[in-house]
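Take a look at the structure set out below.
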Amino acid sequence: NAGVMQNPRHLVRRRGQEARLRCSPMKGHSHVYWYRQLPEEGLKFMVYLQKENIIDESGMPKERFSAEFPKEGPSILRIQQVVRGDSAAYFCASSPFGLAGAFSGANVLTFGAGSRLTVL
Amino acid sequence: AQSVAQPEDQVNVAEGNPLTVKCTYSVSGNPYLFWYVQYPNRGLQFLLKYITGDNLVKGSYGFEAEFNKSQTSFHLKKPSALVSDSALYFCAVRDEEGSGTYKYIFGTGTRLKVLA
């Protein structure tokens, strides 16, 4: 079981370019969460997705940011026209059943190692 | 909406001494509370959770946490700290979205430094 896979691990972009971050959840997990970690600011929720469905995008900036989790393939977090303030670590996490359920593995997120975006 | 607060940005403790990392919460309804740890350049790792039952929850690497309803706290503890425990620790609460879906709300993190 390969766990949650994120790529690229490190991405450098110039201002105005696009950044695409990918996340493959753990096998059997159908719920994906994206978080952003800024230095000294902790972990901020961005978006929560199921396959082909956005459950909650209340943490996503209104412009330039979008996320998808297609029926086939990884979840993608897309940032258009990046600015220096987008530089951060972006973490993906997955869970089975959207954190509901009574079994022992319920309510636990499994995180990827993160993608570190640097905007020059 | 649910929230958690970690009042300390950093905690320093000598190796072998007991450690406590503080967390307080604000929820409506029954709280689902969690601790995660993050080592440098890594993702977060689950340590332990409180859903129901005993107020003292035991988790990975010898950590435990005490749920205190009257003080709305869920402090992380370890009887004897190791240098390898030095990391960033996050408290989290489950926030219900409705229709059986949920998300986590994380605290701002506490950096634990264990001194040899």
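So you can find residues: chains in the structure tokens are A, B, ... in the order shown, residues in each start at 1, and ligands are numbered from 1 in order.
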Open item on the list: Need to verify the contact set: B:Ala14, 12 Å, only C-alpha atoms, exclusion of same-chain residues closer than 5 positions in sequence. Can you return it as a list in words?
Closed with: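 Counting only the stated atoms, we get Leu19, Pro79, Ser80, Ala81, Leu82, Val83, Ser84, Asp85, Ser86, Leu112, Lys113, Val114, Leu115 and Ala116 of chain B.
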Requested write-out: N, CA, C and O atoms of the selected residues, as a PDB file, in the first residue's frame:
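Output saved as selection.pdb:
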ATOM      1  N   LEU B  19       6.298  15.931  29.122  1.00  0.00           N
ATOM      2  CA  LEU B  19       5.928  17.041  28.244  1.00  0.00           C
ATOM      3  C   LEU B  19       4.412  17.153  28.148  1.00  0.00           C
ATOM      4  O   LEU B  19       3.688  16.164  28.272  1.00  0.00           O
ATOM      5  N   PRO B  79       5.109  10.930  29.305  1.00  0.00           N
ATOM      6  CA  PRO B  79       5.776  10.917  30.610  1.00  0.00           C
ATOM      7  C   PRO B  79       7.264  11.248  30.549  1.00  0.00           C
ATOM      8  O   PRO B  79       7.800  11.850  31.473  1.00  0.00           O
ATOM      9  N   SER B  80       7.925  10.842  29.451  1.00  0.00           N
ATOM     10  CA  SER B  80       9.365  11.039  29.364  1.00  0.00           C
ATOM     11  C   SER B  80       9.729  11.393  27.917  1.00  0.00           C
ATOM     12  O   SER B  80       9.642  10.551  27.034  1.00  0.00           O
ATOM     13  N   ALA B  81      10.129  12.624  27.709  1.00  0.00           N
ATOM     14  CA  ALA B  81      10.380  13.103  26.346  1.00  0.00           C
ATOM     15  C   ALA B  81      11.699  12.582  25.790  1.00  0.00           C
ATOM     16  O   ALA B  81      12.686  12.404  26.521  1.00  0.00           O
ATOM     17  N   LEU B  82      11.703  12.367  24.471  1.00  0.00           N
ATOM     18  CA  LEU B  82      12.902  11.973  23.740  1.00  0.00           C
ATOM     19  C   LEU B  82      13.283  13.084  22.765  1.00  0.00           C
ATOM     20  O   LEU B  82      12.403  13.813  22.272  1.00  0.00           O
ATOM     21  N   VAL B  83      14.568  13.175  22.473  1.00  0.00           N
ATOM     22  CA  VAL B  83      15.006  14.179  21.494  1.00  0.00           C
ATOM     23  C   VAL B  83      14.286  13.963  20.164  1.00  0.00           C
ATOM     24  O   VAL B  83      13.918  14.915  19.465  1.00  0.00           O
ATOM     25  N   SER B  84      14.039  12.711  19.827  1.00  0.00           N
ATOM     26  CA  SER B  84      13.366  12.385  18.559  1.00  0.00           C
ATOM     27  C   SER B  84      11.896  12.800  18.530  1.00  0.00           C
ATOM     28  O   SER B  84      11.262  12.740  17.472  1.00  0.00           O
ATOM     29  N   ASP B  85      11.353  13.224  19.669  1.00  0.00           N
ATOM     30  CA  ASP B  85       9.973  13.744  19.688  1.00  0.00           C
ATOM     31  C   ASP B  85       9.910  15.172  19.168  1.00  0.00           C
ATOM     32  O   ASP B  85       8.809  15.706  18.957  1.00  0.00           O
ATOM     33  N   SER B  86      11.034  15.803  18.976  1.00  0.00           N
ATOM     34  CA  SER B  86      11.058  17.181  18.474  1.00  0.00           C
ATOM     35  C   SER B  86      10.404  17.238  17.101  1.00  0.00           C
ATOM     36  O   SER B  86      10.842  16.565  16.158  1.00  0.00           O
ATOM     37  N   LEU B 112       7.517  21.496  19.268  1.00  0.00           N
ATOM     38  CA  LEU B 112       8.121  20.890  20.458  1.00  0.00           C
ATOM     39  C   LEU B 112       9.600  20.698  20.224  1.00  0.00           C
ATOM     40  O   LEU B 112      10.006  20.117  19.220  1.00  0.00           O
ATOM     41  N   LYS B 113      10.384  21.189  21.172  1.00  0.00           N
ATOM     42  CA  LYS B 113      11.830  21.023  21.099  1.00  0.00           C
ATOM     43  C   LYS B 113      12.294  20.320  22.371  1.00  0.00           C
ATOM     44  O   LYS B 113      12.110  20.838  23.471  1.00  0.00           O
ATOM     45  N   VAL B 114      12.845  19.149  22.195  1.00  0.00           N
ATOM     46  CA  VAL B 114      13.343  18.383  23.334  1.00  0.00           C
ATOM     47  C   VAL B 114      14.857  18.516  23.356  1.00  0.00           C
ATOM     48  O   VAL B 114      15.546  18.171  22.399  1.00  0.00           O
ATOM     49  N   LEU B 115      15.354  19.023  24.456  1.00  0.00           N
ATOM     50  CA  LEU B 115      16.778  19.340  24.591  1.00  0.00           C
ATOM     51  C   LEU B 115      17.516  18.195  25.267  1.00  0.00           C
ATOM     52  O   LEU B 115      17.077  17.698  26.296  1.00  0.00           O
ATOM     53  N   ALA B 116      18.645  17.836  24.675  1.00  0.00           N
ATOM     54  CA  ALA B 116      19.439  16.729  25.221  1.00  0.00           C
ATOM     55  C   ALA B 116      20.163  17.145  26.503  1.00  0.00           C
ATOM     56  O   ALA B 116      20.435  18.338  26.703  1.00  0.00           O
TER      57      ALA B 116
END
Open item on the list: So that I can see what lies close to A:Arg15, please list as a list of chain:residue names the residues with an atom at most 9 Å from it, counting only C-alpha atoms and leaving out residues fewer than 4 positions away in the same chain.
Closed with: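 My reading of the contact set: A:Gln81, A:Val82, A:Val83, A:Arg84, A:Val119, A:Leu120.
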Using only C-alpha atoms, I'd like a table of the residues in chain A that come within 8 Å of chain B; for each, show the closest atom pair and its distance in Å rounded to one decimal, ordered by chain and ascending number, as CSV.
residue,atom,partner,partner_atom,distance
A:Tyr33,CA,B:Lys103,CA,8.0
A:Glu40,CA,B:Thr108,CA,7.8
A:Glu41,CA,B:Thr108,CA,5.9
A:Gly42,CA,B:Thr108,CA,4.1
A:Leu43,CA,B:Phe106,CA,6.1
A:Lys44,CA,B:Phe106,CA,7.2
A:Phe45,CA,B:Ile105,CA,7.0
A:Tyr48,CA,B:Lys103,CA,7.3
A:Asp56,CA,B:Glu97,CA,7.9
A:Phe91,CA,B:Gly43,CA,7.0
A:Phe97,CA,B:Thr101,CA,8.0
A:Gly98,CA,B:Thr101,CA,5.4
A:Leu99,CA,B:Tyr102,CA,5.9
A:Ala100,CA,B:Gly100,CA,6.4
A:Val108,CA,B:Phe46,CA,7.1
A:Leu109,CA,B:Phe46,CA,7.3
A:Thr110,CA,B:Gln45,CA,7.1
A:Phe111,CA,B:Gly43,CA,5.5
A:Gly112,CA,B:Gly43,CA,5.4
A:Ala113,CA,B:Gly43,CA,4.2
A:Gly114,CA,B:Gly43,CA,5.9
Task: Residue nearest A:Pro25 - candidates A:Ile79, A:Ala89, A:Ile55, A:Leu49, atoms counted: only C-alpha atoms - done: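 Checking each candidate against A:Pro25, we get A:Leu49 as the closest.
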Please identify all polymer residues within 8 Å of A:Ser58, counting only C-alpha atoms, omitting same-chain residues fewer than 2 positions from it, and present them as an mmCIF file with N, CA, C and O atoms, in the first residue's frame.
data_model
loop_
_atom_site.group_PDB
_atom_site.id
_atom_site.type_symbol
_atom_site.label_atom_id
_atom_site.label_comp_id
_atom_site.auth_asym_id
_atom_site.auth_seq_id
_atom_site.Cartn_x
_atom_site.Cartn_y
_atom_site.Cartn_z
ATOM 1 N N MET A 46 -8.418 23.857 2.478
ATOM 2 C CA MET A 46 -8.735 24.479 1.193
ATOM 3 C C MET A 46 -9.990 23.876 0.583
ATOM 4 O O MET A 46 -10.968 24.575 0.339
ATOM 5 N N VAL A 47 -9.968 22.572 0.342
ATOM 6 C CA VAL A 47 -11.065 21.961 -0.400
ATOM 7 C C VAL A 47 -11.169 20.487 -0.040
ATOM 8 O O VAL A 47 -10.178 19.850 0.313
ATOM 9 N N ASP A 56 -16.795 20.595 -0.373
ATOM 10 C CA ASP A 56 -16.623 21.863 0.339
ATOM 11 C C ASP A 56 -15.383 22.556 -0.219
ATOM 12 O O ASP A 56 -14.298 22.010 -0.148
ATOM 13 N N MET A 60 -10.925 27.721 -0.422
ATOM 14 C CA MET A 60 -10.236 28.043 -1.679
ATOM 15 C C MET A 60 -10.388 29.538 -1.973
ATOM 16 O O MET A 60 -11.485 30.083 -1.897
#
Quick one: which stretch 2-56 of chain A residues come within 6 Å of stretch 68-74 of chain A, and what is the nearest atom pair for each with the distance in Å to one decimal, counting only C-alpha atoms, rows ordered by chain and ascending number, as CSV?
residue,atom,partner,partner_atom,distance
A:Cys23,CA,A:Pro74,CA,5.3
A:Ser24,CA,A:Pro74,CA,4.6
A:Lys51,CA,A:Phe69,CA,5.3
A:Glu52,CA,A:Pro70,CA,4.9
Take the selection from the previous step and output its residues with C-alpha atoms, as a PDB file, in the first residue's frame.
ATOM      1  CA  CYS A  23      -2.523  13.720  -5.409  1.00  0.00           C
ATOM      2  CA  SER A  24      -3.232  10.016  -5.627  1.00  0.00           C
ATOM      3  CA  LYS A  51     -14.797  11.387  -6.937  1.00  0.00           C
ATOM      4  CA  GLU A  52     -16.284  13.812  -9.498  1.00  0.00           C
TER       5      GLU A  52
END
Task: Pairwise distance for atom CA of A:Gly3 and atom CA of B:Trp35, rounded to one decimal in Å - done: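 These two atoms are separated by 19.3 Å.
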TODO: Going by DSSP on the backbone, which bits of stretch 6-118 of chain A are helix (DSSP H, G or I)? Write them as a ChimeraX atom specification, please.
DONE: /A:84-86,97-99
Please write the residues from the selection above to a file, keeping all heavy atoms, as a PDB file, in the first residue's frame.
ATOM      1  N   ARG A  84       3.671  35.506  -5.696  1.00  0.00           N
ATOM      2  CA  ARG A  84       4.638  35.105  -4.675  1.00  0.00           C
ATOM      3  C   ARG A  84       3.930  34.591  -3.417  1.00  0.00           C
ATOM      4  O   ARG A  84       4.403  33.695  -2.744  1.00  0.00           O
ATOM      5  CB  ARG A  84       5.561  36.256  -4.330  1.00  0.00           C
ATOM      6  CG  ARG A  84       6.544  36.562  -5.436  1.00  0.00           C
ATOM      7  CD  ARG A  84       7.891  36.992  -4.879  1.00  0.00           C
ATOM      8  NE  ARG A  84       8.858  37.136  -5.976  1.00  0.00           N
ATOM      9  CZ  ARG A  84       9.313  38.292  -6.427  1.00  0.00           C
ATOM     10  NH1 ARG A  84       8.896  39.420  -5.874  1.00  0.00           N
ATOM     11  NH2 ARG A  84      10.183  38.335  -7.412  1.00  0.00           N
ATOM     12  N   GLY A  85       2.770  35.170  -3.108  1.00  0.00           N
ATOM     13  CA  GLY A  85       2.028  34.745  -1.923  1.00  0.00           C
ATOM     14  C   GLY A  85       1.482  33.345  -1.998  1.00  0.00           C
ATOM     15  O   GLY A  85       1.024  32.799  -0.981  1.00  0.00           O
ATOM     16  N   ASP A  86       1.544  32.729  -3.175  1.00  0.00           N
ATOM     17  CA  ASP A  86       1.105  31.326  -3.304  1.00  0.00           C
ATOM     18  C   ASP A  86       2.187  30.362  -2.855  1.00  0.00           C
ATOM     19  O   ASP A  86       1.915  29.153  -2.722  1.00  0.00           O
ATOM     20  CB  ASP A  86       0.730  31.020  -4.758  1.00  0.00           C
ATOM     21  CG  ASP A  86      -0.439  31.835  -5.268  1.00  0.00           C
ATOM     22  OD1 ASP A  86      -1.293  32.237  -4.432  1.00  0.00           O
ATOM     23  OD2 ASP A  86      -0.512  32.081  -6.496  1.00  0.00           O
ATOM     24  N   PHE A  97     -14.677   6.896   3.356  1.00  0.00           N
ATOM     25  CA  PHE A  97     -15.994   7.249   3.871  1.00  0.00           C
ATOM     26  C   PHE A  97     -16.111   8.674   4.399  1.00  0.00           C
ATOM     27  O   PHE A  97     -16.979   8.959   5.189  1.00  0.00           O
ATOM     28  CB  PHE A  97     -16.418   6.281   4.988  1.00  0.00           C
ATOM     29  CG  PHE A  97     -16.281   4.855   4.606  1.00  0.00           C
ATOM     30  CD1 PHE A  97     -15.407   4.040   5.292  1.00  0.00           C
ATOM     31  CD2 PHE A  97     -16.976   4.315   3.542  1.00  0.00           C
ATOM     32  CE1 PHE A  97     -15.246   2.706   4.947  1.00  0.00           C
ATOM     33  CE2 PHE A  97     -16.829   2.993   3.173  1.00  0.00           C
ATOM     34  CZ  PHE A  97     -15.955   2.185   3.881  1.00  0.00           C
ATOM     35  N   GLY A  98     -15.259   9.569   3.994  1.00  0.00           N
ATOM     36  CA  GLY A  98     -15.391  10.952   4.410  1.00  0.00           C
ATOM     37  C   GLY A  98     -15.370  11.159   5.906  1.00  0.00           C
ATOM     38  O   GLY A  98     -16.052  12.023   6.415  1.00  0.00           O
ATOM     39  N   LEU A  99     -14.641  10.366   6.620  1.00  0.00           N
ATOM     40  CA  LEU A  99     -14.429  10.506   8.061  1.00  0.00           C
ATOM     41  C   LEU A  99     -15.622  10.061   8.901  1.00  0.00           C
ATOM     42  O   LEU A  99     -15.626  10.194  10.106  1.00  0.00           O
ATOM     43  CB  LEU A  99     -14.050  11.941   8.460  1.00  0.00           C
ATOM     44  CG  LEU A  99     -12.808  12.519   7.811  1.00  0.00           C
ATOM     45  CD1 LEU A  99     -12.571  13.935   8.290  1.00  0.00           C
ATOM     46  CD2 LEU A  99     -11.596  11.659   8.088  1.00  0.00           C
TER      47      LEU A  99
END
Open item on the list: If I take atom CA of A:Ser94 and atom CA of A:Ser30, how far is one from the other in Å, to one decimal?
Closed with: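 One can read the atom CA of A:Ser94 to atom CA of A:Ser30 distance as 7.3 Å.
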TODO: Could you please determine the separation between atom CA of A:Gln37 and atom CA of B:Ser26 in Å, to one decimal place?
DONE: 22.1 Å
Open item on the list: With DSSP run on the backbone, what are the strand (DSSP E) residues within chain A? I'd like them as a PyMOL selection string.
Closed with: chain A and resi 5-7+10-13+19-24+31-37+43-50+53-56+65-68+75-79+88-95+110-111+115-119
Task: 9 Å contact set for A:Pro8, only C-alpha atoms, chain neighbours under 3 positions out, as a ChimeraX atom specification - done: /A:11,20-22,114-116
Requested write-out: C-alpha atoms of the selected residues, as a PDB file, in the first residue's frame:
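Dumped to selection_38.pdb:
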ATOM      1  CA  LEU A  11       7.787  22.988  -7.949  1.00  0.00           C
ATOM      2  CA  ARG A  20      -0.564  21.868 -11.095  1.00  0.00           C
ATOM      3  CA  LEU A  21      -0.255  19.677  -8.040  1.00  0.00           C
ATOM      4  CA  ARG A  22      -1.325  16.043  -8.114  1.00  0.00           C
ATOM      5  CA  GLY A 114       3.373  17.502   0.411  1.00  0.00           C
ATOM      6  CA  SER A 115       4.214  19.596  -2.626  1.00  0.00           C
ATOM      7  CA  ARG A 116       6.317  22.672  -2.016  1.00  0.00           C
TER       8      ARG A 116
END
